[in-house]
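*Asks:* This structure is in structure tokens; I'll ask about it shortly.
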Amino acid sequence: GDAPGFPVQTSAGQSYVLTSSLAVPDANTTAIQLGDNSALDLGGFRIEGVTSCSASPTLCTNTGTGIGVAASSGSVRNGRIRQMGSHGIRGSGLVVENVIVDGNGGDGISGAGGAVGWMVRGCRIQLNGGDGIDLNGGGGSDGALVERNVIRRNGATDVIGVELLIRDNAIVGNDSYGIGSNAGGGTVAAYGGNYLTDNFGANLEVSGGVQLGIGFVGVALAF
């Protein structure tokens with residue numbers, strides 16, 4: 001029942017499968033506005049914009065307000081979101097699995113208005129102009145899991161937020177901290193089993209948070 005054109009707007013509480021790639025015409029266009037509590041399977045296809053990003057440091061041109069997938073709750077799986085003018089994915093409580101999020105002008109994944117119950121698993125998040133994963137929006141998160149992702153060469157912090165469990169990720173070469181926890185109200189992020197190297201120019205891999213178990217902080221690497 002959605003009218004032609006962008007953004008594609010879906011109903012709440014439904015499941016959708018992308019059957020071809022989508023290309024937005026400019027940096028200010030949002031591709032998909034996902035209805036509450038809906039599931040989106042990208043079907044191996046991509047959502048693509050017009051922004052261009054390069055690394056060391058990560059800088060993006062032709063940025064704007066366009067978002068790849070905007071939602072408040074639900075899930076996004078199995079595809080690629082790249083070169084959007086602003087964030088790749090933005091919401092307040094999503095499950096994101098097996099998605100490549102790269103070359104977007106803002107954050108790769110952004111928690112809007114506080115991040116409630118996020119799970120980000122098995123994704124590759126790289127070369128975004130802002131944070132790789134920012135679940136600090138709206139004053140902090142409320143329980144989130146970030147695991148088994150490759151997060152590299154983003155323009156700010158790799159993973160930022162509070163009340164997060166961050167485990168078993170490869171976090172490499174971001175322009176600011178690898179992991180950042182803004183400990184407002186006494187809440188912090190917990191992390192363990194991660195590989196962190198060459199973040200913040202190899203000067204500071206982690207800011208705040210509590211380490212659980214064993215992780216590895218390596219030496220600076222050349223790419």
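We label chains A, B, ... in the order they appear in the structure tokens, count residues from 1 in each chain, and number ligands from 1 in the order shown.
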Fewer than 4 positions away in the same chain doesn't count, so skip those; otherwise give me all residues within 12 Å of Ala23 (chain A), counting only C-alpha atoms, as a ChimeraX atom specification.

*Replies:* /A:5-8,27,29-32,45-51,66-68,80-84

*Asks:* Go ahead and write the selection's residues with N, CA and C atoms as a PDB file, in the first residue's frame.

*Replies:*
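Dumped everything to again_11.pdb:
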ATOM      1  N   GLY A   5       8.173   5.648  -4.805  1.00  0.00           N
ATOM      2  CA  GLY A   5       9.199   6.595  -4.424  1.00  0.00           C
ATOM      3  C   GLY A   5       9.727   6.356  -3.030  1.00  0.00           C
ATOM      4  N   PHE A   6      10.743   7.146  -2.661  1.00  0.00           N
ATOM      5  CA  PHE A   6      11.402   7.025  -1.362  1.00  0.00           C
ATOM      6  C   PHE A   6      10.834   8.045  -0.379  1.00  0.00           C
ATOM      7  N   PRO A   7      10.866   7.713   0.932  1.00  0.00           N
ATOM      8  CA  PRO A   7      11.277   6.415   1.472  1.00  0.00           C
ATOM      9  C   PRO A   7      10.219   5.339   1.251  1.00  0.00           C
ATOM     10  N   VAL A   8      10.666   4.108   1.112  1.00  0.00           N
ATOM     11  CA  VAL A   8       9.739   2.981   1.136  1.00  0.00           C
ATOM     12  C   VAL A   8       9.216   2.867   2.569  1.00  0.00           C
ATOM     13  N   ALA A  27      21.910  12.520  -1.330  1.00  0.00           N
ATOM     14  CA  ALA A  27      22.374  12.284   0.040  1.00  0.00           C
ATOM     15  C   ALA A  27      21.328  12.600   1.098  1.00  0.00           C
ATOM     16  N   THR A  29      18.022  11.615   0.928  1.00  0.00           N
ATOM     17  CA  THR A  29      16.889  10.702   0.783  1.00  0.00           C
ATOM     18  C   THR A  29      17.076   9.467   1.651  1.00  0.00           C
ATOM     19  N   THR A  30      16.075   9.150   2.460  1.00  0.00           N
ATOM     20  CA  THR A  30      16.050   7.922   3.247  1.00  0.00           C
ATOM     21  C   THR A  30      15.473   6.804   2.400  1.00  0.00           C
ATOM     22  N   ALA A  31      16.071   5.621   2.471  1.00  0.00           N
ATOM     23  CA  ALA A  31      15.637   4.516   1.610  1.00  0.00           C
ATOM     24  C   ALA A  31      14.404   3.807   2.159  1.00  0.00           C
ATOM     25  N   ILE A  32      14.460   3.322   3.415  1.00  0.00           N
ATOM     26  CA  ILE A  32      13.363   2.538   3.984  1.00  0.00           C
ATOM     27  C   ILE A  32      13.005   3.054   5.363  1.00  0.00           C
ATOM     28  N   PHE A  45      20.840  -8.308  -1.035  1.00  0.00           N
ATOM     29  CA  PHE A  45      20.919  -7.108  -1.865  1.00  0.00           C
ATOM     30  C   PHE A  45      21.464  -5.937  -1.062  1.00  0.00           C
ATOM     31  N   ARG A  46      21.597  -4.783  -1.711  1.00  0.00           N
ATOM     32  CA  ARG A  46      22.170  -3.616  -1.055  1.00  0.00           C
ATOM     33  C   ARG A  46      21.230  -2.406  -1.171  1.00  0.00           C
ATOM     34  N   ILE A  47      21.357  -1.549  -0.199  1.00  0.00           N
ATOM     35  CA  ILE A  47      20.780  -0.209  -0.231  1.00  0.00           C
ATOM     36  C   ILE A  47      21.950   0.743  -0.393  1.00  0.00           C
ATOM     37  N   GLU A  48      21.895   1.597  -1.400  1.00  0.00           N
ATOM     38  CA  GLU A  48      23.092   2.360  -1.774  1.00  0.00           C
ATOM     39  C   GLU A  48      22.760   3.813  -2.034  1.00  0.00           C
ATOM     40  N   GLY A  49      23.628   4.699  -1.542  1.00  0.00           N
ATOM     41  CA  GLY A  49      23.490   6.119  -1.772  1.00  0.00           C
ATOM     42  C   GLY A  49      24.598   6.681  -2.627  1.00  0.00           C
ATOM     43  N   VAL A  50      24.899   7.970  -2.413  1.00  0.00           N
ATOM     44  CA  VAL A  50      25.830   8.685  -3.295  1.00  0.00           C
ATOM     45  C   VAL A  50      27.020   9.280  -2.543  1.00  0.00           C
ATOM     46  N   THR A  51      27.106   9.027  -1.243  1.00  0.00           N
ATOM     47  CA  THR A  51      28.197   9.573  -0.438  1.00  0.00           C
ATOM     48  C   THR A  51      29.495   8.819  -0.707  1.00  0.00           C
ATOM     49  N   GLY A  66      20.031  11.586   4.615  1.00  0.00           N
ATOM     50  CA  GLY A  66      19.440  10.306   4.217  1.00  0.00           C
ATOM     51  C   GLY A  66      19.941   9.135   5.047  1.00  0.00           C
ATOM     52  N   ILE A  67      19.033   8.222   5.413  1.00  0.00           N
ATOM     53  CA  ILE A  67      19.334   7.040   6.213  1.00  0.00           C
ATOM     54  C   ILE A  67      18.991   5.792   5.403  1.00  0.00           C
ATOM     55  N   GLY A  68      19.792   4.749   5.563  1.00  0.00           N
ATOM     56  CA  GLY A  68      19.514   3.520   4.834  1.00  0.00           C
ATOM     57  C   GLY A  68      18.224   2.866   5.298  1.00  0.00           C
ATOM     58  N   ARG A  80      23.571  -5.360   2.552  1.00  0.00           N
ATOM     59  CA  ARG A  80      24.564  -4.295   2.631  1.00  0.00           C
ATOM     60  C   ARG A  80      23.893  -2.935   2.555  1.00  0.00           C
ATOM     61  N   ILE A  81      24.348  -2.005   3.395  1.00  0.00           N
ATOM     62  CA  ILE A  81      23.855  -0.635   3.384  1.00  0.00           C
ATOM     63  C   ILE A  81      25.079   0.268   3.282  1.00  0.00           C
ATOM     64  N   ARG A  82      25.156   1.037   2.204  1.00  0.00           N
ATOM     65  CA  ARG A  82      26.397   1.767   1.958  1.00  0.00           C
ATOM     66  C   ARG A  82      26.141   3.146   1.345  1.00  0.00           C
ATOM     67  N   GLN A  83      27.033   4.052   1.633  1.00  0.00           N
ATOM     68  CA  GLN A  83      27.123   5.364   0.990  1.00  0.00           C
ATOM     69  C   GLN A  83      25.873   6.222   1.158  1.00  0.00           C
ATOM     70  N   MET A  84      25.150   6.033   2.278  1.00  0.00           N
ATOM     71  CA  MET A  84      24.032   6.930   2.566  1.00  0.00           C
ATOM     72  C   MET A  84      24.555   8.262   3.094  1.00  0.00           C
TER      73      MET A  84
END

*Asks:* Select, from A:Leu135, A:Ala170, A:Ala71, A:Leu127, the residue with the minimum atom-to-atom distance to Ala156 (chain A), counting only C-alpha atoms.

*Replies:* A:Leu127

*Asks:* Within 9 Å of Ile89 (chain A), counting only C-alpha atoms, which residues qualify if same-chain residues fewer than 4 places away don't, as an MDAnalysis selection string?

*Replies:* chainID A and resid 67:71 76 81 96 101 107:111

*Asks:* Apply DSSP to the backbone of this structure and, from region 48-154 of chain A, keep only the residues in strand (DSSP E); write these as number ranges by chain.

*Replies:* A: 48, 52-54, 59-61, 69-70, 74-82, 89-91, 94-102, 109-111, 115-116, 119-121, 124-126, 133-134, 141-142, 144-147, 150-152

*Asks:* Quote the spacing between CA of Val99 (chain A) and CA of Ile133 (chain A) in Å to one decimal place.

*Replies:*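 Here the two named atoms are 12.8 Å from each other.
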
*Asks:* Please determine, counting only C-alpha atoms, which residue among A:Asn28, A:Gly105, A:Asp36, A:Gly201 has the shortest atom-to-atom distance to Gln9 (chain A).

*Replies:*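 Nearest candidate to Gln9 (chain A) out of A:Asn28, A:Gly105, A:Asp36, A:Gly201: A:Asp36.
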
*Asks:* With distances taken over only C-alpha atoms, which of A:Ser38, A:Asn136, A:Thr63, A:Thr58 is nearest to Leu94 (chain A)?

*Replies:* A:Ser38
